[in-house]
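**Q** Just one file: final18.pdb, with PDB, C-alpha atoms, pLDDT in the B column.
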MODEL        1
ATOM      1  CA  MET Q   5      -5.008 -54.157 -13.359  1.00 60.00           C
ATOM      2  CA  ARG Q   6      -6.480 -51.748 -15.869  1.00 60.00           C
ATOM      3  CA  GLN Q   7      -8.602 -50.227 -13.107  1.00 62.00           C
ATOM      4  CA  THR Q   8      -5.546 -49.852 -10.888  1.00 60.00           C
ATOM      5  CA  ALA Q   9      -3.644 -48.139 -13.685  1.00 57.00           C
ATOM      6  CA  ILE Q  10      -6.534 -45.779 -14.361  1.00 57.00           C
ATOM      7  CA  ALA Q  11      -6.925 -45.043 -10.652  1.00 58.00           C
ATOM      8  CA  LEU Q  12      -3.205 -44.294 -10.346  1.00 56.00           C
ATOM      9  CA  SER Q  13      -3.398 -42.018 -13.389  1.00 57.00           C
ATOM     10  CA  LEU Q  14      -6.327 -40.152 -11.860  1.00 55.00           C
ATOM     11  CA  ILE Q  15      -4.483 -39.727  -8.557  1.00 55.00           C
ATOM     12  CA  PHE Q  16      -1.470 -38.400 -10.436  1.00 53.00           C
ATOM     13  CA  LEU Q  17      -3.601 -36.011 -12.492  1.00 55.00           C
ATOM     14  CA  SER Q  18      -5.322 -34.691  -9.365  1.00 54.00           C
ATOM     15  CA  GLY Q  19      -1.851 -33.982  -7.973  1.00 50.00           C
ATOM     16  CA  CYS Q  20      -1.013 -32.027 -11.126  1.00 50.00           C
ATOM     17  CA  ALA Q  21      -4.285 -30.127 -10.808  1.00 52.00           C
ATOM     18  CA  ALA Q  22      -3.456 -29.219  -7.205  1.00 51.00           C
ATOM     19  CA  GLY Q  23      -0.123 -27.809  -8.370  1.00 46.00           C
ATOM     20  CA  TYR Q  24      -1.863 -25.765 -11.028  1.00 47.00           C
ATOM     21  CA  LYS Q  25      -4.424 -24.600  -8.501  1.00 49.00           C
ATOM     22  CA  ALA Q  26      -1.754 -23.332  -6.101  1.00 47.00           C
ATOM     23  CA  SER Q  27      -0.061 -21.264  -8.794  1.00 43.00           C
ATOM     24  CA  TYR Q  28      -3.323 -20.085 -10.324  1.00 46.00           C
ATOM     25  CA  VAL Q  29      -4.725 -18.879  -7.012  1.00 49.00           C
ATOM     26  CA  THR Q  30      -1.759 -16.594  -6.428  1.00 50.00           C
ATOM     27  CA  GLY Q  31      -1.690 -15.519 -10.047  1.00 49.00           C
ATOM     28  CA  ALA Q  32      -5.409 -14.731  -9.966  1.00 49.00           C
ATOM     29  CA  VAL Q  33      -4.909 -11.764  -7.683  1.00 56.00           C
ATOM     30  CA  THR Q  34      -2.823  -9.576  -9.910  1.00 57.00           C
ATOM     31  CA  LYS Q  35      -3.150  -5.891 -10.466  1.00 62.00           C
ATOM     32  CA  GLU Q  36      -4.509  -6.591 -13.956  1.00 65.00           C
ATOM     33  CA  VAL Q  37      -7.383  -8.661 -12.590  1.00 67.00           C
ATOM     34  CA  VAL Q  38      -8.449  -6.125  -9.989  1.00 71.00           C
ATOM     35  CA  THR Q  39      -7.972  -3.158 -12.311  1.00 73.00           C
ATOM     36  CA  GLU Q  40     -10.048  -4.891 -14.987  1.00 76.00           C
ATOM     37  CA  THR Q  41     -12.763  -5.558 -12.408  1.00 82.00           C
ATOM     38  CA  TYR Q  42     -12.811  -1.932 -11.307  1.00 86.00           C
ATOM     39  CA  SER Q  43     -12.660  -0.375 -14.800  1.00 88.00           C
ATOM     40  CA  PRO Q  44     -16.278  -1.027 -15.899  1.00 89.00           C
ATOM     41  CA  TYR Q  45     -17.506   0.308 -12.542  1.00 90.00           C
ATOM     42  CA  SER Q  46     -15.310   3.417 -12.911  1.00 92.00           C
ATOM     43  CA  GLU Q  47     -16.667   4.048 -16.398  1.00 93.00           C
ATOM     44  CA  GLU Q  48     -20.280   3.779 -15.187  1.00 94.00           C
ATOM     45  CA  PHE Q  49     -19.484   5.875 -12.106  1.00 94.00           C
ATOM     46  CA  ASN Q  50     -18.116   8.749 -14.196  1.00 96.00           C
ATOM     47  CA  LYS Q  51     -21.007   8.498 -16.671  1.00 96.00           C
ATOM     48  CA  LYS Q  52     -23.409   8.729 -13.750  1.00 95.00           C
ATOM     49  CA  ILE Q  53     -21.734  11.907 -12.456  1.00 95.00           C
ATOM     50  CA  ASP Q  54     -21.982  13.402 -15.984  1.00 95.00           C
ATOM     51  CA  GLU Q  55     -25.625  12.365 -16.190  1.00 95.00           C
ATOM     52  CA  CYS Q  56     -26.518  13.733 -12.730  1.00 95.00           C
ATOM     53  CA  CYS Q  57     -24.692  16.996 -13.416  1.00 94.00           C
ATOM     54  CA  SER Q  58     -25.981  17.545 -16.937  1.00 91.00           C
ATOM     55  CA  GLY Q  59     -27.582  20.902 -17.591  1.00 88.00           C
ATOM     56  CA  ASP Q  60     -25.289  22.847 -15.250  1.00 88.00           C
ATOM     57  CA  VAL Q  61     -27.108  21.586 -12.123  1.00 93.00           C
ATOM     58  CA  CYS Q  62     -23.817  20.973 -10.296  1.00 93.00           C
ATOM     59  CA  ASN Q  63     -22.638  24.538 -10.831  1.00 92.00           C
ATOM     60  CA  PRO Q  64     -23.125  26.380  -7.507  1.00 90.00           C
ATOM     61  CA  GLN Q  65     -23.567  29.656  -9.447  1.00 91.00           C
ATOM     62  CA  SER Q  66     -26.458  28.229 -11.454  1.00 88.00           C
ATOM     63  CA  SER Q  67     -30.053  28.954 -10.453  1.00 89.00           C
ATOM     64  CA  ASP Q  68     -30.834  25.270 -11.182  1.00 89.00           C
ATOM     65  CA  VAL Q  69     -28.206  23.964  -8.763  1.00 92.00           C
ATOM     66  CA  ILE Q  70     -29.154  20.766  -6.960  1.00 94.00           C
ATOM     67  CA  THR Q  71     -28.499  19.860  -3.304  1.00 94.00           C
ATOM     68  CA  LYS Q  72     -26.110  17.240  -1.957  1.00 94.00           C
ATOM     69  CA  THR Q  73     -29.082  15.015  -1.136  1.00 94.00           C
ATOM     70  CA  GLN Q  74     -30.449  15.330  -4.665  1.00 94.00           C
ATOM     71  CA  LEU Q  75     -27.062  14.383  -6.074  1.00 94.00           C
ATOM     72  CA  ASP Q  76     -26.862  11.352  -3.760  1.00 94.00           C
ATOM     73  CA  LYS Q  77     -30.337  10.317  -4.840  1.00 94.00           C
ATOM     74  CA  CYS Q  78     -29.426  10.693  -8.501  1.00 95.00           C
ATOM     75  CA  MET Q  79     -26.186   8.721  -8.052  1.00 94.00           C
ATOM     76  CA  GLY Q  80     -28.150   5.916  -6.405  1.00 93.00           C
ATOM     77  CA  SER Q  81     -26.921   3.453  -3.805  1.00 90.00           C
ATOM     78  CA  LYS Q  82     -24.510   1.870  -6.294  1.00 90.00           C
ATOM     79  CA  PHE Q  83     -22.535   5.058  -6.902  1.00 92.00           C
ATOM     80  CA  GLU Q  84     -23.233   7.465  -4.027  1.00 89.00           C
ATOM     81  CA  SER Q  85     -20.281   8.974  -2.158  1.00 90.00           C
ATOM     82  CA  SER Q  86     -20.565   6.721   0.915  1.00 91.00           C
ATOM     83  CA  THR Q  87     -20.452   3.604  -1.305  1.00 92.00           C
ATOM     84  CA  HIS Q  88     -17.437   4.883  -3.175  1.00 93.00           C
ATOM     85  CA  GLU Q  89     -15.666   5.778   0.089  1.00 94.00           C
ATOM     86  CA  LYS Q  90     -16.035   2.156   1.224  1.00 94.00           C
ATOM     87  CA  ILE Q  91     -14.509   0.964  -2.059  1.00 93.00           C
ATOM     88  CA  GLU Q  92     -11.674   3.474  -1.689  1.00 94.00           C
ATOM     89  CA  ALA Q  93     -10.938   2.272   1.848  1.00 95.00           C
ATOM     90  CA  ALA Q  94     -10.951  -1.375   0.703  1.00 93.00           C
ATOM     91  CA  VAL Q  95      -8.634  -0.613  -2.217  1.00 91.00           C
ATOM     92  CA  LYS Q  96      -6.231   1.173   0.135  1.00 93.00           C
ATOM     93  CA  LEU Q  97      -6.161  -1.882   2.404  1.00 93.00           C
ATOM     94  CA  TYR Q  98      -5.584  -4.154  -0.595  1.00 90.00           C
ATOM     95  CA  HIS Q  99      -2.802  -1.839  -1.768  1.00 89.00           C
ATOM     96  CA  GLU Q 100      -1.107  -2.041   1.639  1.00 91.00           C
ATOM     97  CA  ALA Q 101      -1.530  -5.840   1.735  1.00 89.00           C
ATOM     98  CA  SER Q 102       0.023  -6.106  -1.750  1.00 86.00           C
ATOM     99  CA  LYS Q 103       3.013  -4.055  -0.638  1.00 87.00           C
ATOM    100  CA  ALA Q 104       3.438  -6.179   2.490  1.00 88.00           C
ATOM    101  CA  PHE Q 105       3.074  -9.399   0.441  1.00 86.00           C
ATOM    102  CA  THR Q 106       5.699  -8.208  -2.050  1.00 84.00           C
ATOM    103  CA  GLU Q 107       8.131  -7.267   0.738  1.00 86.00           C
ATOM    104  CA  VAL Q 108       7.740 -10.642   2.454  1.00 87.00           C
ATOM    105  CA  MET Q 109       8.149 -12.556  -0.814  1.00 81.00           C
ATOM    106  CA  LYS Q 110      11.363 -10.639  -1.511  1.00 80.00           C
ATOM    107  CA  LEU Q 111      12.819 -11.581   1.884  1.00 83.00           C
ATOM    108  CA  VAL Q 112      15.099 -14.565   1.566  1.00 79.00           C
ATOM    109  CA  ASP Q 113      14.880 -15.431   5.267  1.00 84.00           C
ATOM    110  CA  ALA Q 114      11.124 -14.911   5.674  1.00 84.00           C
ATOM    111  CA  SER Q 115       9.512 -17.680   7.690  1.00 89.00           C
ATOM    112  CA  ASP Q 116       6.693 -19.847   6.391  1.00 88.00           C
ATOM    113  CA  GLU Q 117       4.357 -18.185   8.901  1.00 89.00           C
ATOM    114  CA  GLN Q 118       5.259 -14.742   7.562  1.00 88.00           C
ATOM    115  CA  ARG Q 119       4.625 -15.841   3.999  1.00 85.00           C
ATOM    116  CA  LYS Q 120       1.340 -17.506   4.905  1.00 86.00           C
ATOM    117  CA  ALA Q 121       0.188 -14.454   6.871  1.00 89.00           C
ATOM    118  CA  ALA Q 122       1.065 -12.079   4.026  1.00 87.00           C
ATOM    119  CA  THR Q 123      -0.674 -14.287   1.453  1.00 83.00           C
ATOM    120  CA  SER Q 124      -3.735 -14.652   3.642  1.00 85.00           C
ATOM    121  CA  ALA Q 125      -3.919 -10.890   4.231  1.00 88.00           C
ATOM    122  CA  LEU Q 126      -3.629 -10.314   0.487  1.00 84.00           C
ATOM    123  CA  PHE Q 127      -6.496 -12.718  -0.285  1.00 84.00           C
ATOM    124  CA  GLU Q 128      -8.689 -11.359   2.504  1.00 87.00           C
ATOM    125  CA  SER Q 129      -8.227  -7.769   1.405  1.00 88.00           C
ATOM    126  CA  ALA Q 130      -8.769  -8.736  -2.244  1.00 85.00           C
ATOM    127  CA  LEU Q 131     -12.008 -10.524  -1.356  1.00 87.00           C
ATOM    128  CA  ASN Q 132     -13.265  -7.597   0.732  1.00 89.00           C
ATOM    129  CA  MET Q 133     -12.470  -5.202  -2.067  1.00 88.00           C
ATOM    130  CA  LEU Q 134     -13.972  -7.299  -4.860  1.00 88.00           C
ATOM    131  CA  GLU Q 135     -17.140  -7.870  -2.828  1.00 89.00           C
ATOM    132  CA  LEU Q 136     -17.688  -4.111  -2.693  1.00 90.00           C
ATOM    133  CA  ILE Q 137     -17.066  -3.414  -6.388  1.00 88.00           C
ATOM    134  CA  PRO Q 138     -20.244  -3.977  -8.405  1.00 84.00           C
ATOM    135  CA  GLY Q 139     -19.536  -6.800 -10.826  1.00 81.00           C
ATOM    136  CA  GLY Q 140     -16.736  -8.158  -8.640  1.00 82.00           C
ATOM    137  CA  ASN Q 141     -18.856 -11.105  -7.520  1.00 82.00           C
ATOM    138  CA  LYS Q 142     -17.556 -13.328 -10.304  1.00 81.00           C
ATOM    139  CA  GLN Q 143     -13.989 -12.846  -9.117  1.00 78.00           C
ATOM    140  CA  VAL Q 144     -15.070 -13.356  -5.494  1.00 81.00           C
ATOM    141  CA  ALA Q 145     -16.736 -16.652  -6.347  1.00 82.00           C
ATOM    142  CA  LYS Q 146     -13.698 -17.731  -8.354  1.00 77.00           C
ATOM    143  CA  LEU Q 147     -11.269 -16.849  -5.564  1.00 73.00           C
ATOM    144  CA  LYS Q 148     -13.412 -18.464  -2.881  1.00 77.00           C
ATOM    145  CA  LYS Q 149     -13.701 -21.626  -4.912  1.00 74.00           C
ATOM    146  CA  MET Q 150      -9.979 -21.760  -5.547  1.00 68.00           C
ATOM    147  CA  THR Q 151      -8.951 -21.016  -1.973  1.00 68.00           C
ATOM    148  CA  GLY Q 152     -11.673 -23.165  -0.439  1.00 69.00           C
ATOM    149  CA  ARG Q 153     -12.956 -20.277   1.706  1.00 63.00           C
TER     150      ARG Q 153
ATOM    151  CA  MET A  14      -6.856 -59.504 -22.651  1.00 70.00           C
ATOM    152  CA  SER A  15      -3.563 -60.807 -23.991  1.00 81.00           C
ATOM    153  CA  VAL A  16      -0.210 -60.078 -22.389  1.00 83.00           C
ATOM    154  CA  ALA A  17       0.777 -57.960 -25.425  1.00 84.00           C
ATOM    155  CA  ALA A  18      -2.389 -55.852 -25.176  1.00 83.00           C
ATOM    156  CA  LEU A  19      -1.876 -55.399 -21.449  1.00 83.00           C
ATOM    157  CA  THR A  20       1.753 -54.361 -22.003  1.00 84.00           C
ATOM    158  CA  THR A  21       0.633 -51.848 -24.678  1.00 83.00           C
ATOM    159  CA  LEU A  22      -2.006 -50.448 -22.347  1.00 82.00           C
ATOM    160  CA  ILE A  23       0.418 -50.007 -19.462  1.00 84.00           C
ATOM    161  CA  THR A  24       3.056 -48.483 -21.747  1.00 84.00           C
ATOM    162  CA  SER A  25       0.494 -46.044 -23.137  1.00 84.00           C
ATOM    163  CA  ILE A  26      -0.583 -45.003 -19.668  1.00 84.00           C
ATOM    164  CA  ILE A  27       2.998 -44.528 -18.497  1.00 84.00           C
ATOM    165  CA  THR A  28       3.866 -42.533 -21.625  1.00 84.00           C
ATOM    166  CA  GLY A  29       0.723 -40.438 -21.157  1.00 83.00           C
ATOM    167  CA  ILE A  30       1.560 -39.743 -17.525  1.00 83.00           C
ATOM    168  CA  ALA A  31       5.120 -38.798 -18.425  1.00 82.00           C
ATOM    169  CA  ARG A  32       3.872 -36.371 -21.087  1.00 80.00           C
ATOM    170  CA  VAL A  33       1.297 -34.777 -18.781  1.00 79.00           C
ATOM    171  CA  SER A  34       3.901 -34.565 -16.043  1.00 79.00           C
ATOM    172  CA  LYS A  35       6.369 -32.833 -18.347  1.00 78.00           C
ATOM    173  CA  VAL A  36       3.809 -30.312 -19.606  1.00 76.00           C
ATOM    174  CA  THR A  37       2.576 -29.690 -16.059  1.00 75.00           C
ATOM    175  CA  ARG A  38       6.044 -29.187 -14.665  1.00 77.00           C
ATOM    176  CA  GLU A  39       6.995 -26.830 -17.497  1.00 75.00           C
ATOM    177  CA  ALA A  40       3.763 -24.824 -17.187  1.00 74.00           C
ATOM    178  CA  LEU A  41       4.073 -24.661 -13.422  1.00 69.00           C
ATOM    179  CA  ALA A  42       7.724 -23.591 -13.586  1.00 70.00           C
ATOM    180  CA  GLN A  43       6.834 -20.908 -16.152  1.00 68.00           C
ATOM    181  CA  SER A  44       3.923 -19.717 -14.037  1.00 64.00           C
ATOM    182  CA  LEU A  45       6.002 -19.586 -10.845  1.00 64.00           C
ATOM    183  CA  GLU A  46       8.819 -17.835 -12.658  1.00 67.00           C
ATOM    184  CA  GLY A  47       6.357 -15.259 -13.982  1.00 66.00           C
ATOM    185  CA  MET A  48       4.935 -14.740 -10.519  1.00 63.00           C
ATOM    186  CA  ALA A  49       8.402 -14.353  -8.981  1.00 65.00           C
ATOM    187  CA  GLU A  50       9.235 -11.783 -11.658  1.00 67.00           C
ATOM    188  CA  ASP A  51       5.966  -9.960 -10.922  1.00 64.00           C
ATOM    189  CA  VAL A  52       6.818  -9.871  -7.227  1.00 63.00           C
ATOM    190  CA  ARG A  53      10.379  -8.662  -7.906  1.00 63.00           C
ATOM    191  CA  LYS A  54       9.093  -5.829 -10.085  1.00 64.00           C
ATOM    192  CA  GLY A  55       6.339  -4.985  -7.625  1.00 61.00           C
ATOM    193  CA  GLY A  56       3.866  -6.181 -10.236  1.00 64.00           C
ATOM    194  CA  LEU A  57       1.324  -7.216  -7.639  1.00 67.00           C
ATOM    195  CA  ILE A  58       1.057  -3.713  -6.207  1.00 73.00           C
ATOM    196  CA  PRO A  59      -1.950  -2.062  -7.836  1.00 77.00           C
ATOM    197  CA  ASP A  60      -0.733   1.550  -7.909  1.00 83.00           C
ATOM    198  CA  GLU A  61      -2.820   2.342 -10.996  1.00 83.00           C
ATOM    199  CA  LEU A  62      -5.948   0.966  -9.353  1.00 86.00           C
ATOM    200  CA  LEU A  63      -5.448   3.060  -6.226  1.00 89.00           C
ATOM    201  CA  ALA A  64      -4.813   6.180  -8.325  1.00 91.00           C
ATOM    202  CA  LYS A  65      -7.930   5.527 -10.398  1.00 91.00           C
ATOM    203  CA  VAL A  66     -10.167   4.900  -7.365  1.00 92.00           C
ATOM    204  CA  GLU A  67      -8.862   8.028  -5.629  1.00 94.00           C
ATOM    205  CA  ALA A  68      -9.304  10.127  -8.777  1.00 95.00           C
ATOM    206  CA  ASP A  69     -12.921   8.944  -9.103  1.00 95.00           C
ATOM    207  CA  GLY A  70     -13.567   9.663  -5.422  1.00 95.00           C
ATOM    208  CA  ASP A  71     -11.978  13.118  -5.688  1.00 95.00           C
ATOM    209  CA  ARG A  72     -14.143  13.953  -8.691  1.00 95.00           C
ATOM    210  CA  LEU A  73     -17.361  13.101  -6.856  1.00 95.00           C
ATOM    211  CA  ARG A  74     -16.210  14.859  -3.665  1.00 95.00           C
ATOM    212  CA  ASN A  75     -15.278  18.009  -5.577  1.00 94.00           C
ATOM    213  CA  VAL A  76     -18.666  18.112  -7.261  1.00 94.00           C
ATOM    214  CA  ARG A  77     -20.609  17.257  -4.095  1.00 94.00           C
ATOM    215  CA  ASP A  78     -18.727  19.656  -1.780  1.00 93.00           C
ATOM    216  CA  GLN A  79     -19.708  22.624  -3.947  1.00 92.00           C
ATOM    217  CA  LEU A  80     -23.404  21.842  -3.706  1.00 93.00           C
ATOM    218  CA  PRO A  81     -25.693  23.319  -1.053  1.00 92.00           C
ATOM    219  CA  ASP A  82     -26.971  21.029   1.736  1.00 88.00           C
TER     220      ASP A  82
ENDMDL
END
Can the structure in the file be given as structure tokens, please?

**A**
Amino acid sequence: MRQTAIALSLIFLSGCAAGYKASYVTGAVTKEVVTETYSPYSEEFNKKIDECCSGDVCNPQSSDVITKTQLDKCMGSKFESSTHEKIEAAVKLYHEASKAFTEVMKLVDASDEQRKAATSALFESALNMLELIPGGNKQVAKLKKMTGR
Amino acid sequence: MSVAALTTLITSIITGIARVSKVTREALAQSLEGMAEDVRKGGLIPDELLAKVEADGDRLRNVRDQLPD
């Protein structure tokens, strides 16, 4: 009997955990989370530009001016313009998905399919974006674990 | 195990479950309410993030575009 009671308690607790999980997953993708993930990268990115342009080498009037290729090389693969453009594109997609998600959630008569599609698009775009941001891997792993992807 | 001990055990488990259930329901309701409020206020739309990413991109583009090939 004791074992049955314990087993029932465990089943109940796992139900509670599932409820928590559902709310936590949605709550995990908030603007605070993504902004906090991007902030350290942004700080490093701007420091790198300062570092690469120190000594007036990014001034086209200077005799020491560097070329685009030299700047790209100095910025490195982590911060070069093509890498940042990919992040920008992913953030724009995430921004659009967030707007769509918010609109659907505000609709009283939205169908379950609409809500599911909007939520799925939001998670997908968030994952794509976080995968591109250096240091976003922790959030990606967390989201994947929570959503079972 | 005596009947009294068994009764105490079952009562404890039921009380424990009721307490956990109450805390869970309250926390869940609070969390969902917070999320609904976030959605209503557009709190899930990362405008600041987009602005920051674009500003960073513009800075690099402005610097890079001025440089010779």

**Q** Given the file shown, determine the residues that the PyMOL selection byres ((chain A and resi 68-82) around 12) selects; report them as a PyMOL selection string.

**A** (chain Q and resi 42-43+45-54+56-57+60-79+83-93+95) or (chain A and resi 61-67)

**Q** What does the distance from CA of Gly139 (chain Q) to CA of Ser81 (chain Q) come to in Å, to one decimal?

**A**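 That distance, rounded to one decimal, is 14.5 Å.
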
**Q** Rounded to one decimal in Å, what is the spacing between CA of Asn141 (chain Q) and CA of Leu97 (chain Q)?

**A**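 Spanning CA of Asn141 (chain Q) to CA of Leu97 (chain Q) is a straight-line distance of 18.6 Å.
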
**Q** What would the list of residues within 12 Å of (-4.4, -1.4, 0.7) (file frame) look like as a PyMOL selection string, if all atoms listed in the file are what count?

**A** (chain Q and resi 91-105+125-130+132-133) or (chain A and resi 57-60+62-64+66)

**Q** Between CA of Ala18 (chain A) and CA of Arg32 (chain A), what is the distance, to one decimal in Å?

**A**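 It comes out at 20.9 Å.
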
**Q** Go through Q:Glu40, Q:Glu135, Q:Glu55, Q:Glu117 one by one, measure the shortest atom-to-atom distance of each to chain A using all atoms listed in the file, and give the residue with the smallest value.

**A**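 Ranking Q:Glu40, Q:Glu135, Q:Glu55, Q:Glu117 by distance to chain A, first place goes to Q:Glu40.
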
**Q** Calculated over all atoms listed in the file, which of the candidates Q:Lys146, Q:Lys110, Q:Lys120, Q:Lys82 has the smallest distance to chain A?

**A**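 Closest to chain A of all the choices is Q:Lys110.
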